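Encoded as structure tokens, the structure appears first; notes follow it.
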Amino acid sequence: MKSLEELKAIREKMQGQVGFRSENEDGTRVVVGMATCGIASGARPVLNELVKQVNDRKLTDVAVTQTGCIGLCQYEPIVEVYKPGEEKVTYVKMTADKAVEVLEKHVLGGTVVEDYTLNKIKL
Amino acid sequence: MLPEISLNVLDIAQNSIKAGAKLVEIEVSRMRQDKTMTLSINDDGCGMDAEQLERVIDPFFTSRTTRKIGLGVPFLKQAAEASGGSFRITSEVNKGTQVFATFHTDHIDCMPLGDINSTIFSLVTMNEDLDFVYTYRVDQKEFTLDTREIREILGNVSFQNADVTAFLREYLSENQLEVEQ
């Protein structure tokens with residue numbers, strides 16, 4: 001059985017590294033809809049992939065969080081990107097792969113991936 | 001319908017979170033000989049009164065005011081009963097809610113458990129302000145992930161820390177494999 005022992009080493013390593021938590025106000029927030037509609041259409045792998053990418057790339061100013069149903073169930077999984085000082089961008093019908101693309105091009109690169117946005121969809 | 005039991009777990013746990021729970025206990029218990037799997041999700045959230053409780057299994061009821069249907073609880077009930085199993089929900093105002101389901105795993109309509117570790121991982125990393133106790137049991141063997149223990153060791157290191165998330169993924173998958181052996 002794997003024990004919790006390794007966590008002690010992680011704590012030691014992190015000590016003194018203040019402000020590690022990625023919830024600072026100047027950072028970008030990436031929000032995934034995790035209500036029944038989101039979960040049913042595949043939000044869980046989208047969310048977990050985003051967390052993994054943010055960790056793997058050591059992005060300390062990007063926070064991945066979840067929200068409930070925003071009332072557009074048929075377009076789930078939905079990912080909203082909030083960059084400081086910019087208007088919110090809503091991405092619809094996300095997959096883990098599309099989410100990585102959004103992370104690279106929009107969150108990191110600054111260019112909105114128009115093809116996946118809500119604006120592209122005829123409501 | 002949610003295609004995996006583990007997705008139902010994620011969805012039901014979101015109700016606990018919305019109910020303001022501080023502690024959510026999730027248990028998955030598989031009995032190979034009996035070909036059954038039981039699932040329980042207990043929380044210490046705001047709970048429901050008798051009237052709400054009666055309506056919560058009705059798909060055309062939701063506590064939300066922005067829409068008129070809530071499918072999470074009915075989905076789980078339907079999934080359990082479709083496998084010849086059972087479903088029960090109990091609740092008390094200001095005390096919490098208990099959801100309990102049994103599945104017959106040899107039934108043709110029994111959905112797979114699915115990626116339960118992904119469910120637990122996303123709950124733990126997305127809700128750092130509350131605690132989870134997850135127990136996975138196969139016959140006599142079991143393991144537990146208790147965020148209160150983890151929190152005590154980590155101090156103020158975030159569950160979203162890269163090393164911590166890597167640890168959590170390994171902890172869940174390695175211990176699940178061992179329990180299943």
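Just remember, in the structure tokens the first chain shown is A, the second B, etc., residues are 1-based per chain, and ligands are 1-based in the order shown.
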Counting only C-alpha atoms, which residues from chain A have an atom at most 10 Å from any atom of chain B, and could you show them as a count of residues only?
54
Nearby residues (only C-alpha atoms) at most 9 Å from Val89 of chain A, same-chain spacing under 2 positions excluded, as a list in words:
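So the residues in contact are Val79, Glu80, Val81, Tyr82, Lys83, Glu86, Glu87, Tyr91, Val112, Thr117 and Leu118 of chain A.
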Hey, can you spit out that residue selection with C-alpha atoms as a PDB file, in the first residue's frame?
ATOM      1  CA  VAL A  79     -15.077  26.273 -20.256  1.00  0.00           C
ATOM      2  CA  GLU A  80     -14.927  29.962 -19.402  1.00  0.00           C
ATOM      3  CA  VAL A  81     -11.671  31.887 -19.507  1.00  0.00           C
ATOM      4  CA  TYR A  82     -11.329  35.022 -17.385  1.00  0.00           C
ATOM      5  CA  LYS A  83      -8.182  36.978 -18.131  1.00  0.00           C
ATOM      6  CA  GLU A  86     -10.379  41.257 -20.621  1.00  0.00           C
ATOM      7  CA  GLU A  87     -13.871  40.145 -21.381  1.00  0.00           C
ATOM      8  CA  TYR A  91     -15.896  27.941 -25.003  1.00  0.00           C
ATOM      9  CA  VAL A 112      -8.884  33.550 -28.583  1.00  0.00           C
ATOM     10  CA  THR A 117     -16.439  29.961 -28.714  1.00  0.00           C
ATOM     11  CA  LEU A 118     -20.111  30.399 -27.958  1.00  0.00           C
TER      12      LEU A 118
END
If you run DSSP on the backbone here, which positions in segment 103-159 of chain B get helix (DSSP H, G or I)? Please write them as a PyMOL selection string.
chain B and resi 116-126+147-154
Using DSSP assignments from the backbone, pull out every residue in segment 87-179 of chain B that falls under strand (DSSP E) and give it to me as a VMD selection string.
chain B and resid 87 to 92 96 to 104 131 to 138 141 to 146
Kindly assemble as a Markdown table a list of the segment 118-170 of chain B residues that lie within 12 Å of segment 32-54 of chain B, each paired with its nearest atom pair and their distance in Å to one decimal, using only C-alpha atoms, sorted first by chain and then by ascending residue number.
| residue | atom | partner | partner_atom | distance |
| --- | --- | --- | --- | --- |
| B:Leu130 | CA | B:Asp43 | CA | 10.7 |
| B:Asp131 | CA | B:Asp43 | CA | 10.1 |
| B:Phe132 | CA | B:Asp43 | CA | 9.4 |
| B:Val133 | CA | B:Asn42 | CA | 9.8 |
| B:Tyr134 | CA | B:Ile41 | CA | 9.3 |
| B:Thr135 | CA | B:Ser40 | CA | 9.8 |
| B:Tyr136 | CA | B:Leu39 | CA | 9.7 |
| B:Arg137 | CA | B:Met37 | CA | 9.5 |
| B:Val138 | CA | B:Arg32 | CA | 7.2 |
| B:Asp139 | CA | B:Arg32 | CA | 6.5 |
| B:Gln140 | CA | B:Arg32 | CA | 10.2 |
| B:Lys141 | CA | B:Arg32 | CA | 11.6 |
Write the residues you've just listed into a file as a tab-separated table (two decimals), in the first residue's frame, and include C-alpha atoms for each of them.
chain	number	residue	atom	x	y	z
B	130	LEU	CA	-13.86	20.88	2.53
B	131	ASP	CA	-12.78	17.40	3.48
B	132	PHE	CA	-13.35	14.07	1.79
B	133	VAL	CA	-12.97	10.57	3.11
B	134	TYR	CA	-12.95	8.06	0.28
B	135	THR	CA	-12.94	4.32	0.94
B	136	TYR	CA	-12.59	1.71	-1.76
B	137	ARG	CA	-13.19	-1.86	-0.70
B	138	VAL	CA	-13.03	-5.16	-2.59
B	139	ASP	CA	-14.12	-8.10	-0.43
B	140	GLN	CA	-11.96	-7.85	2.70
B	141	LYS	CA	-9.34	-5.44	1.38
